[in-house]
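Engineer: Here you go, run-v6.cif (mmCIF, C-alpha atoms):
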data_query
#
loop_
_atom_site.group_PDB
_atom_site.id
_atom_site.type_symbol
_atom_site.label_atom_id
_atom_site.label_comp_id
_atom_site.auth_asym_id
_atom_site.auth_seq_id
_atom_site.Cartn_x
_atom_site.Cartn_y
_atom_site.Cartn_z
ATOM 1 C CA MET V 203 -235.525 33.763 13.636
ATOM 2 C CA ALA V 204 -236.912 30.484 14.827
ATOM 3 C CA LEU V 205 -234.797 27.377 14.921
ATOM 4 C CA ARG V 206 -236.342 24.007 14.273
ATOM 5 C CA VAL V 207 -235.182 20.436 14.014
ATOM 6 C CA VAL V 208 -237.077 18.734 11.236
ATOM 7 C CA SER V 209 -237.522 15.279 9.803
ATOM 8 C CA SER V 210 -237.179 14.284 6.169
ATOM 9 C CA SER V 211 -239.504 11.384 6.925
ATOM 10 C CA PRO V 212 -243.171 11.510 8.031
ATOM 11 C CA ALA V 213 -242.488 8.759 10.543
ATOM 12 C CA ILE V 214 -242.040 9.991 14.103
ATOM 13 C CA PHE V 215 -241.552 7.723 17.103
ATOM 14 C CA SER V 216 -244.876 7.223 18.874
ATOM 15 C CA SER V 217 -243.443 6.196 22.210
ATOM 16 C CA GLN V 218 -240.224 6.305 24.156
ATOM 17 C CA ARG V 219 -239.980 2.533 23.987
ATOM 18 C CA ARG V 220 -239.749 2.678 20.211
ATOM 19 C CA ALA V 221 -237.049 5.335 20.159
ATOM 20 C CA ALA V 222 -234.168 4.168 18.000
ATOM 21 C CA SER V 223 -230.546 5.010 18.577
ATOM 22 C CA VAL V 224 -230.313 7.953 16.213
ATOM 23 C CA LEU V 225 -228.320 10.589 18.036
ATOM 24 C CA PRO V 226 -224.564 10.976 18.385
ATOM 25 C CA SER V 227 -222.497 8.672 20.536
ATOM 26 C CA THR V 228 -222.785 9.189 24.310
ATOM 27 C CA LEU V 229 -225.766 11.548 24.131
ATOM 28 C CA THR V 230 -228.037 11.454 27.174
ATOM 29 C CA LEU V 231 -231.498 12.986 27.098
ATOM 30 C CA PRO V 232 -233.654 13.567 30.205
ATOM 31 C CA ASN V 233 -236.889 11.789 30.998
ATOM 32 C CA THR V 234 -236.430 8.844 28.670
ATOM 33 C CA ASN V 235 -236.699 5.160 29.453
ATOM 34 C CA SER V 236 -233.203 4.646 28.105
ATOM 35 C CA SER V 237 -230.871 7.393 29.231
ATOM 36 C CA LEU V 238 -228.107 6.517 26.824
ATOM 37 C CA LEU V 239 -228.790 6.556 23.094
ATOM 38 C CA SER V 240 -225.775 5.226 21.245
ATOM 39 C CA SER V 241 -225.023 5.260 17.540
ATOM 40 C CA SER V 242 -222.502 6.660 15.119
ATOM 41 C CA SER V 243 -224.970 9.274 13.903
ATOM 42 C CA ALA V 244 -224.094 12.874 13.189
ATOM 43 C CA ILE V 245 -225.869 16.215 13.224
ATOM 44 C CA SER V 246 -226.078 17.750 9.763
ATOM 45 C CA SER V 247 -226.964 21.405 9.341
ATOM 46 C CA ILE V 248 -229.304 22.565 6.589
ATOM 47 C CA ASP V 249 -229.278 26.209 7.648
ATOM 48 C CA ARG V 250 -228.011 26.977 11.155
ATOM 49 C CA THR V 251 -230.268 30.032 11.438
ATOM 50 C CA LYS V 252 -233.365 28.141 10.283
ATOM 51 C CA SER V 253 -233.283 24.411 10.753
ATOM 52 C CA VAL V 254 -231.125 21.465 11.680
ATOM 53 C CA THR V 255 -231.867 17.882 10.756
ATOM 54 C CA LEU V 256 -230.866 15.069 13.097
ATOM 55 C CA ARG V 257 -230.479 11.853 11.106
ATOM 56 C CA SER V 258 -228.996 8.506 11.910
ATOM 57 C CA LYS V 259 -226.348 7.115 9.653
ATOM 58 C CA THR V 260 -226.749 3.679 11.191
ATOM 59 C CA SER V 261 -230.200 3.740 12.788
ATOM 60 C CA ARG V 262 -231.525 0.338 13.733
ATOM 61 C CA ARG V 263 -235.025 1.493 12.730
ATOM 62 C CA ASN V 264 -234.111 4.068 10.088
ATOM 63 C CA GLY V 265 -235.777 6.581 12.392
ATOM 64 C CA VAL V 266 -235.449 10.292 12.738
ATOM 65 C CA VAL V 267 -235.711 12.273 15.966
ATOM 66 C CA THR V 268 -237.534 15.510 15.339
ATOM 67 C CA CYS V 269 -237.813 18.667 17.428
ATOM 68 C CA SER V 270 -240.655 21.137 17.400
ATOM 69 C CA ALA V 271 -239.915 24.664 16.214
ATOM 70 C CA SER V 272 -237.926 26.657 18.731
ATOM 71 C CA SER V 273 -239.050 30.272 19.060
ATOM 72 C CA VAL V 274 -235.862 31.515 20.721
ATOM 73 C CA LEU V 275 -232.185 30.814 20.979
ATOM 74 C CA PRO V 276 -230.457 30.645 24.352
ATOM 75 C CA LYS V 277 -229.864 34.143 25.659
ATOM 76 C CA ALA V 278 -226.383 33.125 26.792
ATOM 77 C CA LEU V 279 -223.987 30.262 26.228
ATOM 78 C CA LEU V 280 -221.735 29.735 29.251
ATOM 79 C CA PHE V 281 -218.591 27.595 29.031
ATOM 80 C CA ASP V 282 -216.439 26.125 31.726
ATOM 81 C CA CYS V 283 -212.777 26.492 30.773
ATOM 82 C CA ASP V 284 -210.567 23.581 31.840
ATOM 83 C CA GLY V 285 -211.744 20.357 30.239
ATOM 84 C CA VAL V 286 -214.318 22.150 28.072
ATOM 85 C CA LEU V 287 -212.452 24.727 25.973
ATOM 86 C CA VAL V 288 -209.157 22.876 26.375
ATOM 87 C CA ASP V 289 -208.295 19.567 28.020
ATOM 88 C CA THR V 290 -205.813 21.304 30.296
ATOM 89 C CA GLU V 291 -205.756 19.305 33.490
ATOM 90 C CA LYS V 292 -203.407 16.340 33.044
ATOM 91 C CA ASP V 293 -200.749 17.911 30.820
ATOM 92 C CA GLY V 294 -201.303 21.546 31.721
ATOM 93 C CA HIS V 295 -202.325 22.443 35.249
ATOM 94 C CA ARG V 296 -200.914 19.277 36.823
ATOM 95 C CA ILE V 297 -197.511 19.773 35.208
ATOM 96 C CA SER V 298 -197.476 23.435 36.243
ATOM 97 C CA PHE V 299 -198.319 22.536 39.852
ATOM 98 C CA ASN V 300 -195.513 19.966 39.916
ATOM 99 C CA ASP V 301 -192.989 22.380 38.392
ATOM 100 C CA THR V 302 -193.932 24.932 41.046
ATOM 101 C CA PHE V 303 -193.511 22.392 43.843
ATOM 102 C CA ALA V 304 -190.095 21.456 42.449
ATOM 103 C CA GLU V 305 -188.966 25.092 42.221
ATOM 104 C CA LYS V 306 -189.910 25.634 45.866
ATOM 105 C CA GLU V 307 -188.302 22.305 46.877
ATOM 106 C CA LEU V 308 -191.465 21.095 48.592
ATOM 107 C CA GLY V 309 -190.854 17.419 47.895
ATOM 108 C CA VAL V 310 -194.368 17.054 46.450
ATOM 109 C CA THR V 311 -195.451 15.468 43.165
ATOM 110 C CA TRP V 312 -199.030 14.988 42.030
ATOM 111 C CA ASP V 313 -199.286 11.944 39.770
ATOM 112 C CA VAL V 314 -202.079 11.470 37.241
ATOM 113 C CA ASP V 315 -204.379 9.446 39.502
ATOM 114 C CA LEU V 316 -203.896 11.645 42.553
ATOM 115 C CA TYR V 317 -204.595 14.777 40.562
ATOM 116 C CA GLY V 318 -207.796 13.208 39.289
ATOM 117 C CA GLU V 319 -208.962 12.851 42.885
ATOM 118 C CA LEU V 320 -207.893 16.395 43.728
ATOM 119 C CA LEU V 321 -209.994 17.770 40.874
ATOM 120 C CA LYS V 322 -213.052 17.031 42.977
ATOM 121 C CA ILE V 323 -212.043 20.193 44.866
ATOM 122 C CA GLY V 324 -212.832 23.367 42.939
ATOM 123 C CA GLY V 325 -210.035 25.940 42.698
ATOM 124 C CA GLY V 326 -206.247 25.569 42.689
ATOM 125 C CA LYS V 327 -205.615 27.336 45.991
ATOM 126 C CA GLU V 328 -208.347 25.336 47.653
ATOM 127 C CA ARG V 329 -206.938 22.147 46.118
ATOM 128 C CA MET V 330 -203.439 22.736 47.516
ATOM 129 C CA THR V 331 -204.755 23.725 50.928
ATOM 130 C CA ALA V 332 -206.928 20.611 51.201
ATOM 131 C CA TYR V 333 -204.042 18.389 50.112
ATOM 132 C CA PHE V 334 -201.562 19.824 52.625
ATOM 133 C CA ASN V 335 -204.147 19.741 55.403
ATOM 134 C CA LYS V 336 -204.623 16.039 54.738
ATOM 135 C CA VAL V 337 -201.053 14.794 54.187
ATOM 136 C CA GLY V 338 -199.173 17.409 56.181
ATOM 137 C CA TRP V 339 -197.579 20.716 55.262
ATOM 138 C CA PRO V 340 -194.028 20.816 53.822
ATOM 139 C CA GLU V 341 -191.239 21.487 56.320
ATOM 140 C CA ASN V 342 -190.430 24.845 54.749
ATOM 141 C CA ALA V 343 -194.058 26.000 54.784
ATOM 142 C CA PRO V 344 -195.227 28.641 57.313
ATOM 143 C CA LYS V 345 -196.898 27.572 60.538
ATOM 144 C CA THR V 346 -199.713 30.089 61.034
ATOM 145 C CA GLU V 347 -202.969 30.010 59.108
ATOM 146 C CA GLU V 348 -202.578 33.547 57.771
ATOM 147 C CA GLU V 349 -199.027 32.924 56.587
ATOM 148 C CA ARG V 350 -200.107 29.690 54.954
ATOM 149 C CA LYS V 351 -202.769 31.556 52.972
ATOM 150 C CA GLU V 352 -200.050 33.853 51.640
ATOM 151 C CA PHE V 353 -197.814 30.851 50.965
ATOM 152 C CA ILE V 354 -200.557 29.122 48.951
ATOM 153 C CA ALA V 355 -201.321 32.331 47.064
ATOM 154 C CA GLY V 356 -197.655 32.623 46.120
ATOM 155 C CA LEU V 357 -197.529 29.036 44.902
ATOM 156 C CA HIS V 358 -200.668 29.543 42.869
ATOM 157 C CA LYS V 359 -199.346 32.742 41.306
ATOM 158 C CA ARG V 360 -196.175 30.972 40.163
ATOM 159 C CA LYS V 361 -198.142 27.972 38.932
ATOM 160 C CA THR V 362 -200.326 30.313 36.847
ATOM 161 C CA GLU V 363 -197.233 31.916 35.297
ATOM 162 C CA LEU V 364 -195.889 28.517 34.262
ATOM 163 C CA PHE V 365 -199.274 27.446 32.927
ATOM 164 C CA MET V 366 -199.615 30.605 30.831
ATOM 165 C CA VAL V 367 -196.319 29.808 29.117
ATOM 166 C CA LEU V 368 -197.850 26.524 27.914
ATOM 167 C CA ILE V 369 -200.915 28.367 26.619
ATOM 168 C CA GLU V 370 -198.954 31.140 24.913
ATOM 169 C CA LYS V 371 -196.869 28.517 23.111
ATOM 170 C CA LYS V 372 -200.151 26.897 22.023
ATOM 171 C CA LEU V 373 -199.038 23.521 23.320
ATOM 172 C CA LEU V 374 -202.605 22.737 24.437
ATOM 173 C CA PRO V 375 -205.158 22.911 21.576
ATOM 174 C CA LEU V 376 -208.849 23.767 21.715
ATOM 175 C CA ARG V 377 -211.165 20.789 21.973
ATOM 176 C CA PRO V 378 -213.088 19.846 18.792
ATOM 177 C CA GLY V 379 -216.097 22.035 18.050
ATOM 178 C CA VAL V 380 -215.419 24.804 20.568
ATOM 179 C CA GLU V 381 -214.533 27.431 17.984
ATOM 180 C CA LYS V 382 -217.492 26.434 15.799
ATOM 181 C CA LEU V 383 -220.085 26.665 18.587
ATOM 182 C CA ILE V 384 -218.769 30.010 19.827
ATOM 183 C CA ASP V 385 -218.872 31.439 16.303
ATOM 184 C CA GLN V 386 -222.458 30.242 15.867
ATOM 185 C CA ALA V 387 -223.462 31.895 19.142
ATOM 186 C CA LEU V 388 -221.732 35.210 18.469
ATOM 187 C CA GLY V 389 -223.040 35.249 14.901
ATOM 188 C CA ASN V 390 -226.615 34.883 16.159
ATOM 189 C CA GLY V 391 -226.414 37.470 18.921
ATOM 190 C CA VAL V 392 -226.157 34.950 21.755
ATOM 191 C CA LYS V 393 -224.023 36.212 24.627
ATOM 192 C CA VAL V 394 -220.961 34.097 25.397
ATOM 193 C CA ALA V 395 -219.044 33.856 28.670
ATOM 194 C CA VAL V 396 -216.477 31.594 30.293
ATOM 195 C CA CYS V 397 -217.134 30.703 33.941
ATOM 196 C CA SER V 398 -214.239 28.974 35.675
ATOM 197 C CA THR V 399 -212.740 28.320 39.089
ATOM 198 C CA SER V 400 -209.281 28.823 37.552
ATOM 199 C CA ASN V 401 -207.210 31.977 37.855
ATOM 200 C CA GLU V 402 -208.580 34.827 35.759
ATOM 201 C CA LYS V 403 -205.243 35.446 34.022
ATOM 202 C CA ALA V 404 -204.992 31.810 32.983
ATOM 203 C CA VAL V 405 -208.540 31.773 31.628
ATOM 204 C CA SER V 406 -207.998 35.061 29.781
ATOM 205 C CA ALA V 407 -204.821 33.651 28.233
ATOM 206 C CA ILE V 408 -206.702 30.601 26.952
ATOM 207 C CA VAL V 409 -209.481 32.725 25.472
ATOM 208 C CA SER V 410 -207.229 35.330 23.849
ATOM 209 C CA CYS V 411 -204.420 33.044 22.667
ATOM 210 C CA LEU V 412 -206.477 30.096 21.444
ATOM 211 C CA LEU V 413 -209.710 31.763 20.337
ATOM 212 C CA GLY V 414 -208.090 34.943 19.057
ATOM 213 C CA PRO V 415 -208.480 38.622 20.018
ATOM 214 C CA GLU V 416 -211.604 39.260 17.922
ATOM 215 C CA ARG V 417 -213.571 36.553 19.698
ATOM 216 C CA ALA V 418 -212.004 37.412 23.061
ATOM 217 C CA GLU V 419 -213.373 40.952 22.846
ATOM 218 C CA GLN V 420 -216.890 39.533 22.701
ATOM 219 C CA ILE V 421 -216.523 36.962 25.481
ATOM 220 C CA GLN V 422 -216.927 37.883 29.140
ATOM 221 C CA ILE V 423 -214.837 36.015 31.679
ATOM 222 C CA PHE V 424 -215.876 35.144 35.225
ATOM 223 C CA ALA V 425 -213.042 33.336 36.946
ATOM 224 C CA GLY V 426 -210.959 32.752 40.048
ATOM 225 C CA ASP V 427 -211.936 34.648 43.163
ATOM 226 C CA VAL V 428 -214.654 36.712 41.490
ATOM 227 C CA VAL V 429 -217.088 34.860 43.776
ATOM 228 C CA PRO V 430 -216.466 33.791 47.391
ATOM 229 C CA ARG V 431 -217.703 30.214 46.872
ATOM 230 C CA LYS V 432 -216.568 28.083 43.979
ATOM 231 C CA LYS V 433 -218.228 25.237 42.112
ATOM 232 C CA PRO V 434 -220.293 23.214 42.971
ATOM 233 C CA ASP V 435 -221.774 26.399 44.430
ATOM 234 C CA PRO V 436 -223.842 28.150 41.733
ATOM 235 C CA ALA V 437 -222.471 31.621 42.568
ATOM 236 C CA ILE V 438 -220.320 32.024 39.441
ATOM 237 C CA TYR V 439 -223.154 31.106 37.086
ATOM 238 C CA LEU V 440 -225.616 33.342 38.892
ATOM 239 C CA LEU V 441 -223.110 36.202 38.721
ATOM 240 C CA ALA V 442 -222.668 35.626 34.993
ATOM 241 C CA ALA V 443 -226.419 35.666 34.348
ATOM 242 C CA ASP V 444 -226.876 38.802 36.426
ATOM 243 C CA THR V 445 -223.966 40.616 34.757
ATOM 244 C CA LEU V 446 -225.091 39.619 31.266
ATOM 245 C CA GLY V 447 -228.658 40.664 32.076
ATOM 246 C CA VAL V 448 -230.254 37.314 31.277
ATOM 247 C CA ASP V 449 -232.479 34.946 33.203
ATOM 248 C CA PRO V 450 -230.680 31.793 34.387
ATOM 249 C CA SER V 451 -233.400 29.656 32.798
ATOM 250 C CA SER V 452 -232.492 31.066 29.375
ATOM 251 C CA CYS V 453 -228.828 30.015 29.646
ATOM 252 C CA VAL V 454 -227.155 26.865 28.350
ATOM 253 C CA VAL V 455 -223.991 25.771 30.134
ATOM 254 C CA VAL V 456 -221.288 23.508 28.695
ATOM 255 C CA GLU V 457 -219.445 21.676 31.479
ATOM 256 C CA ASP V 458 -217.225 18.625 31.800
ATOM 257 C CA SER V 459 -217.324 17.718 35.505
ATOM 258 C CA GLY V 460 -219.735 16.698 38.202
ATOM 259 C CA ILE V 461 -219.046 19.755 40.307
ATOM 260 C CA GLY V 462 -219.572 22.014 37.304
ATOM 261 C CA LEU V 463 -222.816 20.261 36.434
ATOM 262 C CA ALA V 464 -224.010 20.645 40.026
ATOM 263 C CA ALA V 465 -223.225 24.380 39.915
ATOM 264 C CA ALA V 466 -225.104 24.887 36.660
ATOM 265 C CA LYS V 467 -228.195 22.966 37.763
ATOM 266 C CA ALA V 468 -228.243 24.711 41.153
ATOM 267 C CA ALA V 469 -228.272 27.999 39.216
ATOM 268 C CA GLY V 470 -231.385 26.820 37.355
ATOM 269 C CA MET V 471 -229.634 26.439 34.000
ATOM 270 C CA THR V 472 -229.709 23.838 31.242
ATOM 271 C CA CYS V 473 -226.407 21.951 31.152
ATOM 272 C CA ILE V 474 -224.702 19.935 28.427
ATOM 273 C CA VAL V 475 -221.719 17.845 29.530
ATOM 274 C CA THR V 476 -218.786 17.178 27.215
ATOM 275 C CA LYS V 477 -216.717 14.577 29.014
ATOM 276 C CA SER V 478 -212.980 15.100 29.402
ATOM 277 C CA GLY V 479 -210.100 12.812 30.220
ATOM 278 C CA TYR V 480 -210.524 13.030 33.983
ATOM 279 C CA THR V 481 -214.321 13.072 34.071
ATOM 280 C CA ALA V 482 -215.316 10.267 31.684
ATOM 281 C CA ASP V 483 -216.509 7.991 34.496
ATOM 282 C CA GLU V 484 -218.345 10.586 36.588
ATOM 283 C CA ASN V 485 -222.104 10.427 37.153
ATOM 284 C CA PHE V 486 -223.880 12.868 34.844
ATOM 285 C CA SER V 487 -227.418 11.546 35.262
ATOM 286 C CA ASN V 488 -228.615 15.052 36.141
ATOM 287 C CA ALA V 489 -227.315 16.554 32.887
ATOM 288 C CA ASP V 490 -229.645 17.590 30.080
ATOM 289 C CA ALA V 491 -227.338 15.971 27.514
ATOM 290 C CA VAL V 492 -223.969 14.221 27.595
ATOM 291 C CA PHE V 493 -221.415 13.939 24.769
ATOM 292 C CA ASP V 494 -217.757 13.050 24.415
ATOM 293 C CA CYS V 495 -217.091 16.464 22.811
ATOM 294 C CA ILE V 496 -218.821 19.242 20.855
ATOM 295 C CA GLY V 497 -217.228 18.094 17.629
ATOM 296 C CA ASP V 498 -216.578 19.566 14.196
ATOM 297 C CA PRO V 499 -218.153 18.300 10.965
ATOM 298 C CA PRO V 500 -218.178 15.540 9.870
ATOM 299 C CA GLU V 501 -217.846 14.337 13.481
ATOM 300 C CA GLU V 502 -220.125 17.031 14.917
ATOM 301 C CA ARG V 503 -222.039 16.046 18.056
ATOM 302 C CA PHE V 504 -224.201 19.148 18.532
ATOM 303 C CA ASP V 505 -224.527 22.793 17.549
ATOM 304 C CA LEU V 506 -226.354 25.985 18.512
ATOM 305 C CA ALA V 507 -229.677 24.785 17.140
ATOM 306 C CA PHE V 508 -229.469 21.735 19.388
ATOM 307 C CA CYS V 509 -228.865 24.035 22.388
ATOM 308 C CA GLY V 510 -231.975 26.049 21.571
ATOM 309 C CA ASN V 511 -234.215 23.024 21.271
ATOM 310 C CA LEU V 512 -232.726 21.384 24.340
ATOM 311 C CA LEU V 513 -233.371 24.557 26.291
ATOM 312 C CA GLU V 514 -237.059 24.387 25.486
ATOM 313 C CA LYS V 515 -237.217 20.600 25.801
ATOM 314 C CA GLN V 516 -239.388 20.335 22.711
ATOM 315 C CA TYR V 517 -238.416 16.860 21.654
ATOM 316 C CA VAL V 518 -241.131 14.853 19.942
ATOM 317 C CA SER V 519 -240.897 11.171 20.754
#
As structure tokens - that is how I would like this structure written.

Structural biologist:
Amino acid sequence: MALRVVSSSPAIFSSQRRAASVLPSTLTLPNTNSSLLSSSSAISSIDRTKSVTLRSKTSRRNGVVTCSASSVLPKALLFDCDGVLVDTEKDGHRISFNDTFAEKELGVTWDVDLYGELLKIGGGKERMTAYFNKVGWPENAPKTEEERKEFIAGLHKRKTELFMVLIEKKLLPLRPGVEKLIDQALGNGVKVAVCSTSNEKAVSAIVSCLLGPERAEQIQIFAGDVVPRKKPDPAIYLLAADTLGVDPSSCVVVEDSGIGLAAAKAAGMTCIVTKSGYTADENFSNADAVFDCIGDPPEERFDLAFCGNLLEKQYVS
């Protein structure tokens, strides 16, 4: 059934210059004179399988942004994991890395700022290797390249075990709106997958423990070393599209980082960014839309209908 974004007013903006700030805070739309439309507006759903109205609560011009009828939904909704499903990095992965380093008596601690820089490198094993190559390997680390690969793999395995304890205890909650958007997708026959550079066991734990077994059974996971090249390489998103049997151009990706955005766009996919703690200041000018989160009503930022219309770029301005 078609999705459409409609207006309760006959007035529609006649030019981009007249566009009022009527969409949620920190939303960026492509190909507009003003890339950032800011207001405290919300998305209110009339019927999620039929239409969604976008209205401004505090529009400067009392305007309404309308979208033409969308004939299809996205074929697949693809989520990054860390920073998108859960804001895991600062108080999850970083802590688990540091606890692992302490157990192995490596004399290494990654503080908040340093870890933010290290996140520019996709993958935990790759992150550790790059760090040790730059600052020097610990005295008790192996000397040969092959032994160091095994050493890093062992550290990463232990770090994953410690991280999974945090997830299983539900100490790290889902970000606002994640559960809602996944339920909308699954309820409308849209395929859902999680595509992450993190260890597959860690990603599976997040999906099963925080989203529940019923949802987990319907969500495919592509993670860790399932592809030889990690984000910003598009390999993981291309693998997901191929496995799910959908065209990349029919997919909508939800990411939180520059490297994730680059991977999605290189795969030929539409990408919505929901900023996270470590990525708030990154450049997302190439994104199709940018928000601070997905959001739950009454603070909802976007929903499945928005994804469908964004995919087809049928905004009327």

Engineer: For the PyMOL selection byres ((chain V and resi 399-409) around 6), applied here, can you spell out every residue it catches as a list in words?

Structural biologist: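 Given this file, the PyMOL selection byres ((chain V and resi 399-409) around 6) evaluates to Gly325, Met366, Ser398, Ser410, Cys411, Leu412, Leu413, Ala418, Ala425 and Gly426 of chain V.
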
Engineer: Name the residues that the PyMOL selection byres ((chain V and resi 450) around 12) pulls out of this structure, and write them as a VMD selection string.

Structural biologist: chain V and resid 276 to 280 436 to 449 451 to 455 465 to 473 513

Engineer: Would you write out, as a Markdown table, a table of all residues in stretch 398-468 of chain V that have an atom no more than 9 Å from an atom of stretch 480-497 of chain V, listing for each the closest atom pair and the distance in Å to one decimal, considering all atoms listed in the file and ordering rows by chain and rising residue number?

Structural biologist:
| residue | atom | partner | partner_atom | distance |
| --- | --- | --- | --- | --- |
| V:Asp458 | CA | V:Thr481 | CA | 6.7 |
| V:Ser459 | CA | V:Thr481 | CA | 5.7 |
| V:Gly460 | CA | V:Glu484 | CA | 6.5 |
| V:Leu463 | CA | V:Ala489 | CA | 6.8 |
| V:Ala464 | CA | V:Asn488 | CA | 8.2 |
| V:Lys467 | CA | V:Asn488 | CA | 8.1 |

Engineer: So how many Å separate atom CA of V:Thr362 and atom CA of V:Gly318, to one decimal?

Structural biologist: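 Between these atoms lies a distance of 18.8 Å.
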
Engineer: Please compute the atom CA of V:Lys327-atom CA of V:Arg377 distance, one decimal, in Å.

Structural biologist: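 Pair atom CA of V:Lys327 / atom CA of V:Arg377 returns 25.5 Å.
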
Engineer: I need the output of the PyMOL selection byres ((chain V and resi 303) around 12) for this file as a PDB file with C-alpha atoms, in the frame of the given file; which residues are they?

Structural biologist:
ATOM      1  CA  ARG V 296    -200.914  19.277  36.823  1.00  0.00           C
ATOM      2  CA  ILE V 297    -197.511  19.773  35.208  1.00  0.00           C
ATOM      3  CA  SER V 298    -197.476  23.435  36.243  1.00  0.00           C
ATOM      4  CA  PHE V 299    -198.319  22.536  39.852  1.00  0.00           C
ATOM      5  CA  ASN V 300    -195.513  19.966  39.916  1.00  0.00           C
ATOM      6  CA  ASP V 301    -192.989  22.380  38.392  1.00  0.00           C
ATOM      7  CA  THR V 302    -193.932  24.932  41.046  1.00  0.00           C
ATOM      8  CA  ALA V 304    -190.095  21.456  42.449  1.00  0.00           C
ATOM      9  CA  GLU V 305    -188.966  25.092  42.221  1.00  0.00           C
ATOM     10  CA  LYS V 306    -189.910  25.634  45.866  1.00  0.00           C
ATOM     11  CA  GLU V 307    -188.302  22.305  46.877  1.00  0.00           C
ATOM     12  CA  LEU V 308    -191.465  21.095  48.592  1.00  0.00           C
ATOM     13  CA  GLY V 309    -190.854  17.419  47.895  1.00  0.00           C
ATOM     14  CA  VAL V 310    -194.368  17.054  46.450  1.00  0.00           C
ATOM     15  CA  THR V 311    -195.451  15.468  43.165  1.00  0.00           C
ATOM     16  CA  TRP V 312    -199.030  14.988  42.030  1.00  0.00           C
ATOM     17  CA  MET V 330    -203.439  22.736  47.516  1.00  0.00           C
ATOM     18  CA  PRO V 340    -194.028  20.816  53.822  1.00  0.00           C
ATOM     19  CA  ASN V 342    -190.430  24.845  54.749  1.00  0.00           C
ATOM     20  CA  ALA V 343    -194.058  26.000  54.784  1.00  0.00           C
ATOM     21  CA  PHE V 353    -197.814  30.851  50.965  1.00  0.00           C
ATOM     22  CA  ILE V 354    -200.557  29.122  48.951  1.00  0.00           C
ATOM     23  CA  GLY V 356    -197.655  32.623  46.120  1.00  0.00           C
ATOM     24  CA  LEU V 357    -197.529  29.036  44.902  1.00  0.00           C
ATOM     25  CA  HIS V 358    -200.668  29.543  42.869  1.00  0.00           C
ATOM     26  CA  ARG V 360    -196.175  30.972  40.163  1.00  0.00           C
ATOM     27  CA  LYS V 361    -198.142  27.972  38.932  1.00  0.00           C
ATOM     28  CA  LEU V 364    -195.889  28.517  34.262  1.00  0.00           C
TER      29      LEU V 364
END

Engineer: Identify, on the basis of only C-alpha atoms, every residue whose closest approach to stretch 285-288 of chain V does not exceed 7 Å; exclude the query and any residue fewer than 5 positions from it along the same chain; express the result as a list in words.

Structural biologist: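 My reading of the contact set: Leu374, Pro375, Leu376, Arg377, Val380, Glu457, Asp458, Thr476 and Ser478 of chain V.
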
Engineer: Quick one: pull the distance between atom CA of V:Trp339 and atom CA of V:Pro434, Å, one decimal.

Structural biologist: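 Atom CA of V:Pro434 lies at a distance of 25.9 Å from atom CA of V:Trp339.
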
Engineer: Using all atoms listed in the file, which of V:Val429, V:Ile421, V:Ala332, V:Leu275 sits nearest V:Asp385?

Structural biologist: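 For V:Asp385, the nearest of the candidates is V:Ile421.
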
Engineer: Return the single residue from V:Lys345, V:Arg350, V:Lys372, V:Lys359 that is closest to V:Gly294, with distances computed using all atoms listed in the file.

Structural biologist: V:Lys372

Engineer: Please output stretch 337-344 of chain V, rebuilt to include N, CA, C and O atoms, as a short mmCIF file (atom, residue, chain, number, x, y, z; two decimals), keeping the file's coordinate frame.

Structural biologist:
data_model
loop_
_atom_site.label_atom_id
_atom_site.label_comp_id
_atom_site.auth_asym_id
_atom_site.auth_seq_id
_atom_site.Cartn_x
_atom_site.Cartn_y
_atom_site.Cartn_z
N VAL V 337 -202.30 15.58 54.14
CA VAL V 337 -201.05 14.79 54.19
C VAL V 337 -199.96 15.44 55.04
O VAL V 337 -198.95 14.81 55.34
N GLY V 338 -200.18 16.68 55.41
CA GLY V 338 -199.17 17.41 56.18
C GLY V 338 -198.50 18.48 55.34
O GLY V 338 -198.26 18.30 54.14
N TRP V 339 -198.19 19.60 55.97
CA TRP V 339 -197.58 20.72 55.26
C TRP V 339 -196.08 20.49 55.11
O TRP V 339 -195.44 19.87 55.97
N PRO V 340 -195.48 20.96 54.01
CA PRO V 340 -194.03 20.82 53.82
C PRO V 340 -193.25 21.47 54.97
O PRO V 340 -193.74 22.41 55.61
N GLU V 341 -192.05 20.97 55.21
CA GLU V 341 -191.24 21.49 56.32
C GLU V 341 -190.94 22.97 56.17
O GLU V 341 -190.84 23.69 57.17
N ASN V 342 -190.77 23.43 54.95
CA ASN V 342 -190.43 24.84 54.75
C ASN V 342 -191.66 25.73 54.57
O ASN V 342 -191.55 26.89 54.16
N ALA V 343 -192.84 25.20 54.86
CA ALA V 343 -194.06 26.00 54.78
C ALA V 343 -194.26 26.75 56.10
O ALA V 343 -193.81 26.30 57.16
N PRO V 344 -194.94 27.89 56.08
CA PRO V 344 -195.23 28.64 57.31
C PRO V 344 -196.10 27.84 58.28
O PRO V 344 -196.73 26.85 57.89
#
